[in-house]
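Q: Just so it is clear, I am handing over my_file-v4.csv, which has CSV, C-alpha atoms.
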```csv
chain,number,residue,atom,x,y,z
O,1,SER,CA,-43.6,19.2,-22.0
O,2,ARG,CA,-41.5,21.0,-24.5
O,3,VAL,CA,-44.4,23.3,-25.5
O,4,LEU,CA,-45.2,23.8,-21.8
O,5,SER,CA,-41.6,24.8,-21.0
O,6,GLU,CA,-41.5,27.2,-23.9
O,7,THR,CA,-44.9,28.7,-23.2
O,8,CYS,CA,-44.9,28.8,-19.4
O,9,PRO,CA,-41.2,28.9,-18.3
O,10,GLN,CA,-42.3,29.3,-14.6
O,11,VAL,CA,-43.5,25.7,-14.6
O,12,HIS,CA,-41.5,23.4,-12.3
O,13,PHE,CA,-41.7,19.8,-13.5
O,14,LEU,CA,-41.8,17.2,-10.7
O,15,GLY,CA,-41.8,14.3,-13.0
O,16,ARG,CA,-43.1,12.7,-16.2
O,17,ALA,CA,-44.9,9.4,-16.1
O,18,TYR,CA,-45.2,6.9,-19.0
O,19,SER,CA,-47.8,4.6,-17.4
O,20,ALA,CA,-50.7,4.9,-15.0
O,21,ALA,CA,-48.7,3.1,-12.3
O,22,GLU,CA,-45.8,5.4,-12.7
O,23,ALA,CA,-48.1,8.4,-12.6
O,24,LYS,CA,-49.6,7.2,-9.3
O,25,ARG,CA,-46.2,6.7,-7.7
O,26,LEU,CA,-45.0,10.2,-8.8
O,27,TYR,CA,-48.3,11.8,-7.6
O,28,LEU,CA,-48.1,10.2,-4.2
O,29,GLN,CA,-44.4,11.0,-3.9
O,30,HIS,CA,-44.6,14.7,-4.9
O,31,THR,CA,-48.3,15.7,-4.4
O,32,PRO,CA,-48.2,18.2,-7.2
O,33,ASP,CA,-50.5,21.2,-7.5
O,34,LEU,CA,-51.2,20.6,-11.2
O,35,LEU,CA,-51.5,17.5,-13.4
O,36,PHE,CA,-51.3,17.4,-17.1
O,37,LEU,CA,-52.9,14.1,-17.9
O,38,ASP,CA,-53.5,12.1,-21.1
O,39,ILE,CA,-56.5,9.8,-21.5
O,40,GLU,CA,-54.8,6.7,-22.9
O,41,MET,CA,-51.6,5.4,-21.2
O,42,PRO,CA,-50.1,2.1,-20.6
O,43,GLY,CA,-51.6,0.2,-17.7
O,44,GLY,CA,-54.8,2.2,-17.6
O,45,ASN,CA,-56.3,5.5,-18.6
O,46,GLY,CA,-56.4,8.9,-17.1
O,47,PHE,CA,-59.8,8.4,-15.5
O,48,GLN,CA,-58.7,5.2,-13.8
O,49,PHE,CA,-55.6,7.0,-12.5
O,50,LEU,CA,-57.8,9.8,-11.0
O,51,GLU,CA,-60.0,7.2,-9.4
O,52,SER,CA,-57.0,5.6,-7.8
O,53,ILE,CA,-55.8,8.8,-6.1
O,54,GLN,CA,-59.1,10.0,-4.7
O,55,PRO,CA,-59.5,12.5,-3.3
O,56,VAL,CA,-57.6,14.4,-6.1
O,57,ARG,CA,-55.7,17.3,-4.5
O,58,ALA,CA,-54.4,18.8,-7.7
O,59,GLU,CA,-55.9,20.7,-10.6
O,60,VAL,CA,-56.2,18.5,-13.7
O,61,ILE,CA,-55.7,19.6,-17.3
O,62,PHE,CA,-56.2,16.8,-19.8
O,63,VAL,CA,-54.0,16.9,-22.9
O,64,THR,CA,-55.1,14.3,-25.3
O,65,ALA,CA,-55.9,13.3,-28.9
O,66,TYR,CA,-59.4,12.1,-28.0
O,67,ASP,CA,-62.2,14.7,-28.1
O,68,LYS,CA,-64.9,12.2,-27.2
O,69,TYR,CA,-63.9,12.1,-23.5
O,70,ALA,CA,-64.5,15.8,-22.7
O,71,ILE,CA,-67.8,15.3,-20.9
O,72,GLN,CA,-66.3,12.6,-18.7
O,73,ALA,CA,-63.3,14.9,-17.9
O,74,ILE,CA,-65.7,17.6,-16.8
O,75,LYS,CA,-67.3,15.1,-14.4
O,76,PHE,CA,-63.8,14.6,-12.9
O,77,THR,CA,-63.7,18.4,-12.5
O,78,ALA,CA,-61.0,18.9,-15.0
O,79,LEU,CA,-59.8,22.5,-15.2
O,80,ASP,CA,-59.3,22.2,-19.0
O,81,TYR,CA,-59.3,19.8,-21.9
O,82,LEU,CA,-56.7,20.4,-24.6
O,83,LEU,CA,-56.5,18.5,-27.8
O,84,LYS,CA,-53.2,17.4,-29.4
O,85,PRO,CA,-51.4,18.9,-31.2
O,86,VAL,CA,-51.5,21.5,-28.4
O,87,ASN,CA,-52.1,25.1,-29.3
O,88,PRO,CA,-49.5,27.1,-27.2
O,89,SER,CA,-51.9,30.0,-26.6
O,90,GLU,CA,-54.6,27.6,-25.3
O,91,LEU,CA,-52.0,25.9,-23.1
O,92,LYS,CA,-50.9,29.2,-21.6
O,93,VAL,CA,-54.5,30.2,-20.8
O,94,ALA,CA,-55.1,26.8,-19.1
O,95,PHE,CA,-51.9,27.1,-17.1
O,96,GLU,CA,-52.8,30.7,-16.0
O,97,ARG,CA,-56.3,29.5,-15.0
O,98,ALA,CA,-54.7,26.9,-12.8
```
Starting from the file, lay out its structure as structure tokens.

A:
Amino acid sequence: SRVLSETCPQVHFLGRAYSAAEAKRLYLQHTPDLLFLDIEMPGGNGFQFLESIQPVRAEVIFVTAYDKYAIQAIKFTALDYLLKPVNPSELKVAFERA
């Protein structure tokens, strides 16, 4: 979130979740336009979270340390798939695409 704030100051954060359950609660409460989503999180993973909020009404950008899930992310129509540590210029391009 720090890199995002520095790179894309026009971003308005609606919340930050530390578990799949918290992510679902925040999503349903705020219905955001854009989700930055990790693969692994307490209580589930990013794909299980997306399945739990079908139909997804937000753009999704995965930000993760796991490169092996990129194909699965594409099947969930992810807008982008960024690997940690996040390159600020790649983050900016992904945000602008959204």

Q: List as a compact mmCIF listing (two decimals) with C-alpha atoms, in the coordinates of the input the protein and nucleic acid residues near O:Glu40, meaning an atom at most 8 Å away when all atoms listed in the file are counted, but skip any in the same chain fewer than 5 places from it.

A:
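Final file, around.txt:
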```
# COMPACT_ATOMS: atom_id res chain seq x y z
CA ASN O 45 -56.30 5.50 -18.60
CA GLY O 46 -56.40 8.90 -17.10
CA THR O 64 -55.10 14.30 -25.30
```

Q: Would you please work out which residue, of O:Leu35, O:Phe47, O:Glu96, O:Arg57, is nearest to O:Lys75 when using only C-alpha atoms?

A: O:Phe47

Q: Record the distance separating atom CA of O:Pro55 and atom CA of O:Ile71, expressed in Å with one decimal.

A: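 Computed distance, atom CA of O:Pro55 to atom CA of O:Ile71, equals 19.7 Å.
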
Q: Restricting the calculation to all atoms listed in the file, which member of O:Leu91, O:Ala17, O:Ile61, O:Val11 is positioned closest to O:Ala78?

A: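 Looking at the shortest contact to O:Ala78, the residue is O:Ile61.
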
Q: Could you tell me which of O:Leu14, O:Asp38, O:Gln29, O:Leu4 comes closest to O:Ala73 if we count all atoms listed in the file?

A: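 Residue with the minimum atom-to-atom distance to O:Ala73: O:Asp38.
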
Q: Which is closest to O:Glu51 among O:His30, O:Lys24, O:Lys68, O:His12, if we use only C-alpha atoms?

A: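 Residue with the minimum atom-to-atom distance to O:Glu51: O:Lys24.
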
Q: What does the distance between atom CA of O:Leu82 and atom CA of O:Val63 come to in Å, to one decimal place?

A: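 Result for atom CA of O:Leu82 versus atom CA of O:Val63: 4.7 Å, one decimal.
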
Q: Near O:Leu79, counting only C-alpha atoms, which residues have an atom at most 8 Å away, once you skip same-chain residues fewer than 3 positions from it, shown as an MDAnalysis selection string?

A: chainID O and resid 59:61 74 94 97:98

Q: Can you measure atom CA of O:Tyr18 to atom CA of O:Asn87 for me? One decimal in Å is fine.

A: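 Atom CA of O:Tyr18 sits 22.0 Å away from atom CA of O:Asn87.
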
Q: When distances are computed from all atoms listed in the file, which of O:Met41, O:Phe49, O:Tyr66, O:Phe95 shows the smallest separation from O:Pro9?

A: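 Looking at the shortest contact to O:Pro9, the residue is O:Phe95.
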
Q: Closest to O:Leu34 among O:Ser89, O:Gln48, O:Ala58, O:Gln72, using all atoms listed in the file?

A: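 Between O:Ser89, O:Gln48, O:Ala58, O:Gln72, the residue approaching O:Leu34 most closely is O:Ala58.
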
Q: What lies within 6 Å of O:Ala20 using all atoms listed in the file, ignoring chain neighbours under 2 positions off, as a list in words?

A: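 With the cut-off at 6 Å, the set is Glu22, Ala23, Gly43, Gly44 and Phe49 of chain O.
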
Q: Counting only C-alpha atoms, which residues have an atom no more than 9 Å from (-50.4, 12.9, -29.8) in the file's coordinates? Please list them as a list in words.

A: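 Result, sorted by chain then residue number: Val63, Thr64, Ala65, Leu83, Lys84, Pro85 and Val86 of chain O.
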